[in-house]
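Participant: Just so it is clear, I am handing over data_19.txt, which has compact mmCIF, C-alpha atoms and all ligand atoms.
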```
# COMPACT_ATOMS: atom_id res chain seq x y z
CA MET A 989 -13.99 20.72 30.46
CA SER A 990 -11.39 19.82 27.86
CA ASP A 991 -8.22 17.77 27.77
CA SER A 992 -5.50 18.59 25.25
CA ARG A 993 -3.38 15.51 25.95
CA PRO A 994 -2.80 13.27 22.92
CA VAL A 995 -4.34 9.95 21.93
CA GLY A 996 -1.76 7.16 21.55
CA ILE A 997 -2.07 4.75 18.61
CA PHE A 998 0.12 1.79 17.65
CA ASP A 999 0.43 -1.02 15.14
CA SER A 1000 3.10 -3.46 13.99
CA GLY A 1001 3.87 -0.98 11.23
CA LEU A 1002 2.00 1.52 9.11
CA GLY A 1003 -1.29 -0.38 8.74
CA GLY A 1004 -2.73 1.46 11.71
CA VAL A 1005 -2.34 4.71 9.78
CA SER A 1006 -5.59 3.64 8.07
CA VAL A 1007 -7.19 3.92 11.54
CA LEU A 1008 -5.35 7.17 12.36
CA ARG A 1009 -6.82 8.62 9.14
CA GLU A 1010 -10.36 7.81 10.33
CA ILE A 1011 -9.64 9.25 13.79
CA ARG A 1012 -8.32 12.49 12.28
CA ALA A 1013 -11.41 12.81 10.10
CA ARG A 1014 -13.80 12.29 13.03
CA LEU A 1015 -11.79 14.00 15.81
CA PRO A 1016 -9.68 16.72 14.12
CA ASP A 1017 -9.03 18.51 17.42
CA GLU A 1018 -7.28 15.56 19.03
CA ALA A 1019 -3.48 15.47 19.01
CA LEU A 1020 -2.27 12.03 17.94
CA LEU A 1021 0.85 9.96 18.68
CA TYR A 1022 1.59 6.98 16.46
CA CYS A 1023 4.08 4.14 17.02
CA ALA A 1024 4.94 1.81 14.13
CA ASP A 1025 6.72 -1.28 15.44
CA SER A 1026 8.40 -1.73 12.05
CA GLY A 1027 11.47 -3.33 13.66
CA HIS A 1028 9.26 -6.26 14.67
CA ALA A 1029 6.74 -6.33 11.80
CA PRO A 1030 4.93 -8.30 10.70
CA TYR A 1031 3.18 -9.50 13.87
CA GLY A 1032 0.94 -11.95 12.03
CA GLU A 1033 3.13 -15.05 12.28
CA LYS A 1034 4.78 -14.24 15.64
CA PRO A 1035 3.99 -15.87 19.00
CA GLN A 1036 1.24 -14.15 20.98
CA ALA A 1037 3.58 -13.67 23.97
CA LEU A 1038 6.01 -11.66 21.85
CA ILE A 1039 3.22 -9.52 20.37
CA ALA A 1040 1.84 -8.91 23.86
CA ALA A 1041 5.29 -7.91 25.19
CA ARG A 1042 5.89 -5.51 22.28
CA SER A 1043 2.39 -4.05 22.64
CA LEU A 1044 2.92 -3.36 26.36
CA GLU A 1045 6.29 -1.76 25.59
CA LEU A 1046 4.80 0.57 22.97
CA CYS A 1047 1.83 1.47 25.15
CA GLY A 1048 4.26 2.24 27.99
CA PHE A 1049 6.09 4.64 25.69
CA LEU A 1050 2.83 6.29 24.58
CA VAL A 1051 1.72 6.69 28.20
CA GLU A 1052 5.10 8.26 29.05
CA GLN A 1053 4.47 10.73 26.22
CA GLY A 1054 1.23 11.71 27.97
CA ALA A 1055 -1.37 9.63 26.10
CA LYS A 1056 -4.86 10.01 27.62
CA ALA A 1057 -6.24 7.02 25.67
CA LEU A 1058 -4.76 4.09 23.75
CA VAL A 1059 -5.89 2.77 20.37
CA ILE A 1060 -4.67 -0.68 19.33
CA ALA A 1061 -4.80 -0.04 15.57
CA CYS A 1062 -4.06 -3.68 14.87
CA ASN A 1063 -6.36 -6.70 14.87
CA THR A 1064 -3.47 -9.06 15.62
CA ALA A 1065 -2.24 -7.08 18.66
CA THR A 1066 -5.79 -6.69 19.95
CA ALA A 1067 -6.22 -10.47 19.91
CA ALA A 1068 -2.85 -10.99 21.61
CA ALA A 1069 -2.65 -8.10 24.05
CA ALA A 1070 -5.87 -6.11 24.65
CA THR A 1071 -6.61 -7.87 27.94
CA GLN A 1072 -3.10 -7.22 29.27
CA ILE A 1073 -3.08 -3.59 28.12
CA ARG A 1074 -6.41 -2.96 29.87
CA ALA A 1075 -5.12 -4.66 33.02
CA ARG A 1076 -1.92 -2.57 33.02
CA TRP A 1077 -3.70 0.77 32.47
CA PRO A 1078 -7.14 0.29 34.03
CA ASP A 1079 -7.79 4.05 34.18
CA LEU A 1080 -7.15 4.75 30.48
CA PRO A 1081 -9.69 4.22 27.74
CA VAL A 1082 -8.27 1.43 25.54
CA ILE A 1083 -9.86 0.85 22.14
CA GLY A 1084 -9.10 -2.40 20.36
CA MET A 1085 -10.35 -3.79 17.07
CA GLU A 1086 -11.44 -7.06 15.53
CA PRO A 1087 -12.44 -8.18 12.04
CA ALA A 1088 -15.94 -6.99 11.08
CA VAL A 1089 -17.52 -10.45 11.23
CA LYS A 1090 -20.78 -9.22 12.75
CA PRO A 1091 -21.49 -6.51 10.13
CA ALA A 1092 -20.41 -8.93 7.40
CA THR A 1093 -22.86 -11.63 8.50
CA GLU A 1094 -25.59 -8.99 8.56
CA ALA A 1095 -24.67 -7.67 5.10
CA THR A 1096 -24.33 -10.92 3.18
CA ARG A 1097 -27.16 -11.71 0.77
CA HIS A 1098 -26.04 -15.21 -0.12
CA GLY A 1099 -24.86 -16.34 3.31
CA VAL A 1100 -21.15 -16.49 2.48
CA VAL A 1101 -18.54 -14.03 3.75
CA GLY A 1102 -14.77 -14.02 3.31
CA VAL A 1103 -12.35 -12.79 5.98
CA LEU A 1104 -8.82 -11.82 5.01
CA ALA A 1105 -6.66 -11.37 8.13
CA THR A 1106 -3.33 -12.43 9.61
CA THR A 1107 -2.70 -15.95 10.87
CA GLY A 1108 -2.39 -14.52 14.40
CA THR A 1109 -5.87 -13.03 14.19
CA LEU A 1110 -7.52 -16.02 12.51
CA GLU A 1111 -6.04 -18.49 15.01
CA SER A 1112 -6.87 -16.40 18.09
CA ALA A 1113 -9.39 -17.29 20.77
CA ARG A 1114 -10.93 -13.88 20.18
CA PHE A 1115 -11.68 -14.69 16.53
CA ALA A 1116 -13.06 -18.11 17.50
CA GLY A 1117 -15.36 -16.25 19.89
CA LEU A 1118 -16.54 -13.97 17.09
CA LEU A 1119 -17.39 -16.97 14.91
CA ASP A 1120 -19.23 -18.61 17.80
CA GLN A 1121 -21.24 -15.48 18.39
CA PHE A 1122 -22.04 -14.38 14.84
CA GLY A 1123 -21.06 -17.20 12.47
CA HIS A 1124 -24.23 -19.31 12.78
CA GLY A 1125 -26.24 -19.81 9.62
CA VAL A 1126 -23.52 -18.13 7.55
CA THR A 1127 -20.47 -19.66 5.91
CA VAL A 1128 -17.37 -17.74 6.98
CA LEU A 1129 -14.38 -18.40 4.71
CA THR A 1130 -11.04 -17.33 6.15
CA ARG A 1131 -7.71 -16.73 4.47
CA PRO A 1132 -4.42 -15.46 5.90
CA GLY A 1133 -3.10 -12.67 3.70
CA ALA A 1134 0.54 -13.82 3.79
CA GLY A 1135 2.86 -11.26 2.22
CA LEU A 1136 0.35 -8.39 2.12
CA VAL A 1137 1.59 -6.61 5.26
CA GLU A 1138 5.14 -6.61 3.87
CA ALA A 1139 3.84 -5.28 0.53
CA VAL A 1140 2.10 -2.34 2.23
CA GLU A 1141 5.17 -1.65 4.39
CA ARG A 1142 7.21 -1.42 1.17
CA GLY A 1143 4.56 0.86 -0.35
CA GLU A 1144 3.94 -1.71 -3.09
CA LEU A 1145 0.21 -1.36 -3.45
CA ASP A 1146 -0.03 -1.96 -7.18
CA SER A 1147 2.92 -4.18 -7.96
CA PRO A 1148 2.33 -7.36 -9.99
CA ARG A 1149 3.49 -9.36 -6.93
CA THR A 1150 0.89 -7.72 -4.64
CA LEU A 1151 -1.90 -8.09 -7.21
CA ALA A 1152 -1.01 -11.76 -7.72
CA LEU A 1153 -1.27 -12.38 -3.96
CA LEU A 1154 -4.63 -10.60 -3.80
CA HIS A 1155 -5.94 -12.66 -6.72
CA GLU A 1156 -4.74 -15.85 -5.07
CA TYR A 1157 -6.57 -15.06 -1.82
CA LEU A 1158 -9.71 -13.41 -3.16
CA ASP A 1159 -10.50 -15.40 -6.30
CA ALA A 1160 -11.02 -18.58 -4.26
CA MET A 1161 -13.39 -16.86 -1.81
CA ILE A 1162 -15.39 -15.27 -4.62
CA ALA A 1163 -15.58 -18.63 -6.43
CA GLU A 1164 -17.05 -20.10 -3.24
CA GLY A 1165 -19.79 -17.48 -3.29
CA ALA A 1166 -18.57 -14.76 -0.88
CA ASP A 1167 -20.46 -11.52 -1.44
CA VAL A 1168 -18.83 -9.66 1.47
CA ILE A 1169 -15.08 -9.45 2.04
CA VAL A 1170 -13.80 -8.36 5.46
CA LEU A 1171 -10.43 -6.63 5.53
CA GLY A 1172 -9.40 -7.98 8.94
CA CYS A 1173 -5.98 -6.35 9.12
CA THR A 1174 -5.40 -2.61 9.17
CA HIS A 1175 -2.68 -2.88 6.52
CA TYR A 1176 -5.10 -4.39 4.00
CA VAL A 1177 -7.27 -1.25 4.12
CA PHE A 1178 -4.61 0.48 2.01
CA LEU A 1179 -5.25 -2.21 -0.62
CA ARG A 1180 -9.00 -1.56 -0.73
CA PRO A 1181 -9.02 -0.11 -4.29
CA GLN A 1182 -7.10 -3.14 -5.57
CA VAL A 1183 -9.38 -5.52 -3.64
CA GLU A 1184 -12.49 -3.80 -4.98
CA ALA A 1185 -11.20 -3.97 -8.54
CA ILE A 1186 -10.62 -7.73 -8.17
CA VAL A 1187 -13.90 -8.68 -6.47
CA GLY A 1188 -16.09 -6.40 -8.60
CA PRO A 1189 -19.09 -4.21 -7.77
CA GLY A 1190 -21.39 -7.01 -6.55
CA VAL A 1191 -19.19 -7.70 -3.52
CA SER A 1192 -19.01 -5.41 -0.45
CA VAL A 1193 -15.62 -4.77 1.11
CA ILE A 1194 -15.71 -3.75 4.76
CA ASP A 1195 -13.30 -2.82 7.54
CA THR A 1196 -13.55 -1.42 11.06
CA GLY A 1197 -11.44 1.78 10.97
CA ALA A 1198 -14.43 4.14 11.10
CA ALA A 1199 -16.05 2.11 13.89
CA VAL A 1200 -12.84 2.40 15.95
CA ALA A 1201 -12.88 6.19 15.53
CA ARG A 1202 -16.55 6.29 16.66
CA GLN A 1203 -15.76 4.12 19.66
CA LEU A 1204 -12.82 6.37 20.59
CA GLN A 1205 -15.10 9.40 20.38
CA ARG A 1206 -17.67 7.70 22.65
CA LYS A 1207 -15.07 6.70 25.22
CA LEU A 1208 -13.46 10.16 25.29
CA ASP A 1209 -16.90 11.75 25.67
CA VAL A 1210 -17.93 9.47 28.52
CA ALA A 1211 -14.64 10.11 30.35
CA GLY A 1212 -14.74 13.88 29.72
CA LEU A 1213 -11.43 13.67 27.85
CA ARG A 1214 -12.19 15.47 24.56
CA ALA A 1215 -9.85 18.25 23.41
CA ALA A 1216 -11.23 21.76 23.04
CA PRO A 1217 -12.65 22.41 19.57
CA GLY A 1218 -10.84 24.68 17.18
CA VAL A 1219 -7.32 23.84 18.29
CA ALA A 1220 -5.34 22.62 15.28
CA ALA A 1221 -3.91 19.35 16.51
CA GLY A 1222 -0.97 17.56 14.93
CA ALA A 1223 0.37 14.04 14.84
CA ARG A 1224 3.79 12.67 15.81
CA PHE A 1225 5.19 9.43 14.44
CA TRP A 1226 7.78 7.03 15.83
CA THR A 1227 9.18 3.74 14.57
CA SER A 1228 11.34 0.93 15.91
CA GLY A 1229 12.57 0.40 12.35
CA ASN A 1230 14.33 2.52 9.76
CA PRO A 1231 12.85 6.04 9.95
CA GLN A 1232 13.77 6.94 6.35
CA ARG A 1233 12.14 3.86 4.92
CA VAL A 1234 9.08 4.16 7.16
CA GLY A 1235 8.86 7.90 6.37
CA ALA A 1236 8.90 7.22 2.63
CA THR A 1237 5.99 4.77 2.85
CA LEU A 1238 4.13 7.00 5.30
CA ALA A 1239 4.38 9.93 2.85
CA MET A 1240 2.75 7.71 0.25
CA LEU A 1241 -0.01 6.38 2.49
CA LEU A 1242 -0.77 9.68 4.24
CA PRO A 1243 0.61 12.61 2.23
CA PRO A 1244 2.29 15.04 2.67
CA ALA A 1245 5.71 13.89 3.88
CA ARG A 1246 6.24 14.16 7.63
CA ALA A 1247 9.00 13.41 10.13
CA VAL A 1248 9.30 9.95 11.64
CA GLU A 1249 11.27 9.74 14.88
CA VAL A 1250 13.15 6.72 16.19
CA LEU A 1251 11.77 5.11 19.34
CA PRO A 1252 14.23 5.10 22.26
CA PRO A 1253 16.38 1.91 22.27
CA SER A 1254 14.59 0.55 25.35
CA ALA A 1255 11.30 0.59 23.41
CA CYS A 1256 12.84 -1.14 20.38
CA LEU A 1257 14.28 -4.28 22.00
CA ALA A 1258 12.91 -7.70 21.24
CA PRO A 1259 11.58 -9.18 24.47
CA ALA A 1260 13.91 -11.76 26.06
N1 LIG B 1 -1.95 -4.38 10.92
C1 LIG B 1 -2.05 -5.51 11.76
C2 LIG B 1 -3.43 -6.06 11.92
O1 LIG B 1 -4.37 -5.33 11.86
C3 LIG B 1 -0.90 -6.44 11.91
C4 LIG B 1 -0.31 -7.00 10.71
C5 LIG B 1 0.97 -7.76 10.95
O2 LIG B 1 1.92 -7.15 11.42
O3 LIG B 1 1.00 -8.97 10.67
O4 LIG B 1 -3.62 -7.23 12.12
```
Render the structure in this file as structure tokens.
Ligand code: DGL
Facilitator:
Amino acid sequence: MSDSRPVGIFDSGLGGVSVLREIRARLPDEALLYCADSGHAPYGEKPQALIAARSLELCGFLVEQGAKALVIACNTATAAAATQIRARWPDLPVIGMEPAVKPATEATRHGVVGVLATTGTLESARFAGLLDQFGHGVTVLTRPGAGLVEAVERGELDSPRTLALLHEYLDAMIAEGADVIVLGCTHYVFLRPQVEAIVGPGVSVIDTGAAVARQLQRKLDVAGLRAAPGVAAGARFWTSGNPQRVGATLAMLLPPARAVEVLPPSACLAPA
């Protein structure tokens, strides 16, 4: 039994492409649909209700396009909207993501980990639950990565401004003894080389993109939804923002250049 319908993926912008990349590597036969909510990015400082409304809108669009499963390629949207998305589409596999606090607390040698994520993620009940579950006996330092999502959306991975922000956020955590840094936002994964250069070889840098791809594979297997092997599957991209600008950054983050379509107006509106 095989199912050639696509997997739907979304994020506030292009950060989730770091998750799409992992999914393509693990599940090359699956057709992928990707929505970048660039017209409403960043999500990190926005009210949870707005993020939830936008997430439901984008998932509705992906389901209309025939998605057989939904991947919330965004820690912030998972915290704000995973429960509502699962309630709205109870029959679809829905894969969310959260900062890798558990693996980080297992990996630390000195008992100090640093989590870089958005304010929305760090202030969420979901993150508080993670700390309750796994944060005992370990010091978990948190820092909102203000400005980093915008930098990645502009394709400014190496600019002096981006490097200065990374130094500001990371130097303090390293000075406090962190030997594991969690990239708790899918955008930050594109800054991994810069982060690694700043923190040095004695510090592990971890994220959850590969774990999300594994979880998607498991859920598709259990539901009998995997595509037939050997079929070359493509990816389609949409944005609620400027398709030229989003396309230019996408070409840089995931070469070669590819078309970015504009979401229908109804899927672009800010919720009332
Ligand atoms: N990439 C997202 C995340 O993983 C959201 C970033 C944002 O829009 O603030 O949290």
Participant: At a cut-off of 7 Å, using only C-alpha atoms, what residues contact A:Thr1196? Leave out same-chain residues fewer than 4 positions from it and give the result as a list of chain:residue names.
Facilitator: A:Pro1087, A:Ala1088, A:Val1200
Participant: Next, the residues of the selection above should be written as an mmCIF file, in the frame of the given file with C-alpha atoms.
Facilitator:
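selection-v3.cif was written with the following content:
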```
data_model
loop_
_atom_site.group_PDB
_atom_site.id
_atom_site.type_symbol
_atom_site.label_atom_id
_atom_site.label_comp_id
_atom_site.auth_asym_id
_atom_site.auth_seq_id
_atom_site.Cartn_x
_atom_site.Cartn_y
_atom_site.Cartn_z
ATOM 1 C CA PRO A 1087 -12.440 -8.180 12.040
ATOM 2 C CA ALA A 1088 -15.940 -6.990 11.080
ATOM 3 C CA VAL A 1200 -12.840 2.400 15.950
#
```
Participant: Can you work out which residues are within 8 Å of ligand LIG 1 (chain B), considering only C-alpha atoms and all ligand atoms, and then hand them over as a CSV table (one decimal) with C-alpha atoms, keeping the file's coordinate frame?
Facilitator:
```csv
chain,number,residue,atom,x,y,z
A,999,ASP,CA,0.4,-1.0,15.1
A,1000,SER,CA,3.1,-3.5,14.0
A,1001,GLY,CA,3.9,-1.0,11.2
A,1002,LEU,CA,2.0,1.5,9.1
A,1003,GLY,CA,-1.3,-0.4,8.7
A,1004,GLY,CA,-2.7,1.5,11.7
A,1029,ALA,CA,6.7,-6.3,11.8
A,1030,PRO,CA,4.9,-8.3,10.7
A,1031,TYR,CA,3.2,-9.5,13.9
A,1032,GLY,CA,0.9,-12.0,12.0
A,1033,GLU,CA,3.1,-15.0,12.3
A,1061,ALA,CA,-4.8,0.0,15.6
A,1062,CYS,CA,-4.1,-3.7,14.9
A,1063,ASN,CA,-6.4,-6.7,14.9
A,1064,THR,CA,-3.5,-9.1,15.6
A,1065,ALA,CA,-2.2,-7.1,18.7
A,1105,ALA,CA,-6.7,-11.4,8.1
A,1106,THR,CA,-3.3,-12.4,9.6
A,1107,THR,CA,-2.7,-16.0,10.9
A,1108,GLY,CA,-2.4,-14.5,14.4
A,1109,THR,CA,-5.9,-13.0,14.2
A,1137,VAL,CA,1.6,-6.6,5.3
A,1172,GLY,CA,-9.4,-8.0,8.9
A,1173,CYS,CA,-6.0,-6.4,9.1
A,1174,THR,CA,-5.4,-2.6,9.2
A,1175,HIS,CA,-2.7,-2.9,6.5
A,1176,TYR,CA,-5.1,-4.4,4.0
```
Participant: Counting all atoms listed in the file, figure out which residue out of A:Asp1120, A:Glu1045, A:Glu1144, A:Asp1195 gets nearest to A:Leu1241.
Facilitator: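 The answer is A:Glu1144, which sits nearest to A:Leu1241.
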Participant: How far is it from atom CA of A:Gly1133 to atom CA of A:Thr1066, in Å with one decimal?
Facilitator: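 It comes out at 17.5 Å.
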Participant: What lies within 9 Å of A:Cys1023 using only C-alpha atoms, ignoring chain neighbours under 5 positions off, as a list in words?
Facilitator: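 Once the nearby chain positions are removed, what remains is Gly996, Ile997, Phe998, Asp999, Ser1000, Gly1001, Leu1002, Leu1046, Cys1047, Phe1049, Leu1050, Arg1224, Phe1225, Trp1226, Thr1227, Ser1228 and Leu1251 of chain A.
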Participant: Find the residue from A:Leu1008, A:Ala1258, A:Ile1162, A:Lys1090 that sits nearest to A:Ala1037; use all atoms listed in the file when measuring.
Facilitator: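 The shortest atom-to-atom distance to A:Ala1037 comes from A:Ala1258.
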Participant: Taking 5 positions as the minimum chain separation for residues in the same chain, which residues sit within 12 Å of A:Arg1149 when counting all atoms listed in the file? Answer as a VMD selection string.
Facilitator: chain A and resid 1134 to 1136 1138 to 1140 1142 1144 1154 to 1156
Participant: What is the atom CA of A:Pro1132-atom CA of A:Leu1110 distance in Å, reported with one decimal?
Facilitator: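 Atom CA of A:Pro1132 sits 7.3 Å away from atom CA of A:Leu1110.
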Participant: How many Å separate atom CA of A:Ala1013 from atom CA of A:Gly1054?
Facilitator: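 So the answer is 21.9 Å.
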Participant: Of the candidates A:Leu1238, A:Cys1256, A:Ala1185, A:Glu1052, which shows the shortest atom-to-atom distance to A:Leu1158, using all atoms listed in the file?
Facilitator: A:Ala1185
Participant: Of the candidates A:Ile1083, A:Leu1119, A:Val1168, A:Val1219, which shows the shortest atom-to-atom distance to A:Thr1096, using all atoms listed in the file?
Facilitator: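 Looking at the shortest contact to A:Thr1096, the residue is A:Val1168.
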Participant: Taking all atoms listed in the file into account, name the residue in A:Pro1231, A:Leu1204, A:Val1250, A:Asp991 that is nearest to A:Ile1011.
Facilitator: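 Of A:Pro1231, A:Leu1204, A:Val1250, A:Asp991, the one nearest A:Ile1011 is A:Leu1204, counting all atoms listed in the file.
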Participant: Restricting the calculation to only C-alpha atoms, which member of A:Val1101, A:Val1210, A:Val1248, A:Val1234 is positioned closest to A:Leu1171?
Facilitator: A:Val1101
Participant: I'd like the neighbourhood of A:Gln1182 as a list in words, where a residue qualifies if any of its atoms comes within 8 Å (using all atoms listed in the file), though same-chain residues fewer than 3 positions away should be ignored.
Facilitator: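 My reading of the contact set: Leu1145, Asp1146, Leu1151, Leu1179, Ala1185 and Ile1186 of chain A.
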Participant: Near A:His1098, counting all atoms listed in the file, which residues have an atom at most 8 Å away, once you skip same-chain residues fewer than 6 positions from it, shown as a ChimeraX atom specification?
Facilitator: /A:1165-1167
Participant: Set up a box along x, y and z of the file covering all listed atoms of stretch 1155-1164 of chain A, add 8 Å on every one of the six sides, and write the centre and edge lengths in Å to one decimal, as JSON.
Facilitator:
```
{"center_x": -10.9, "center_y": -16.4, "center_z": -4.3, "size_x": 28.3, "size_y": 23.4, "size_z": 20.9}
```
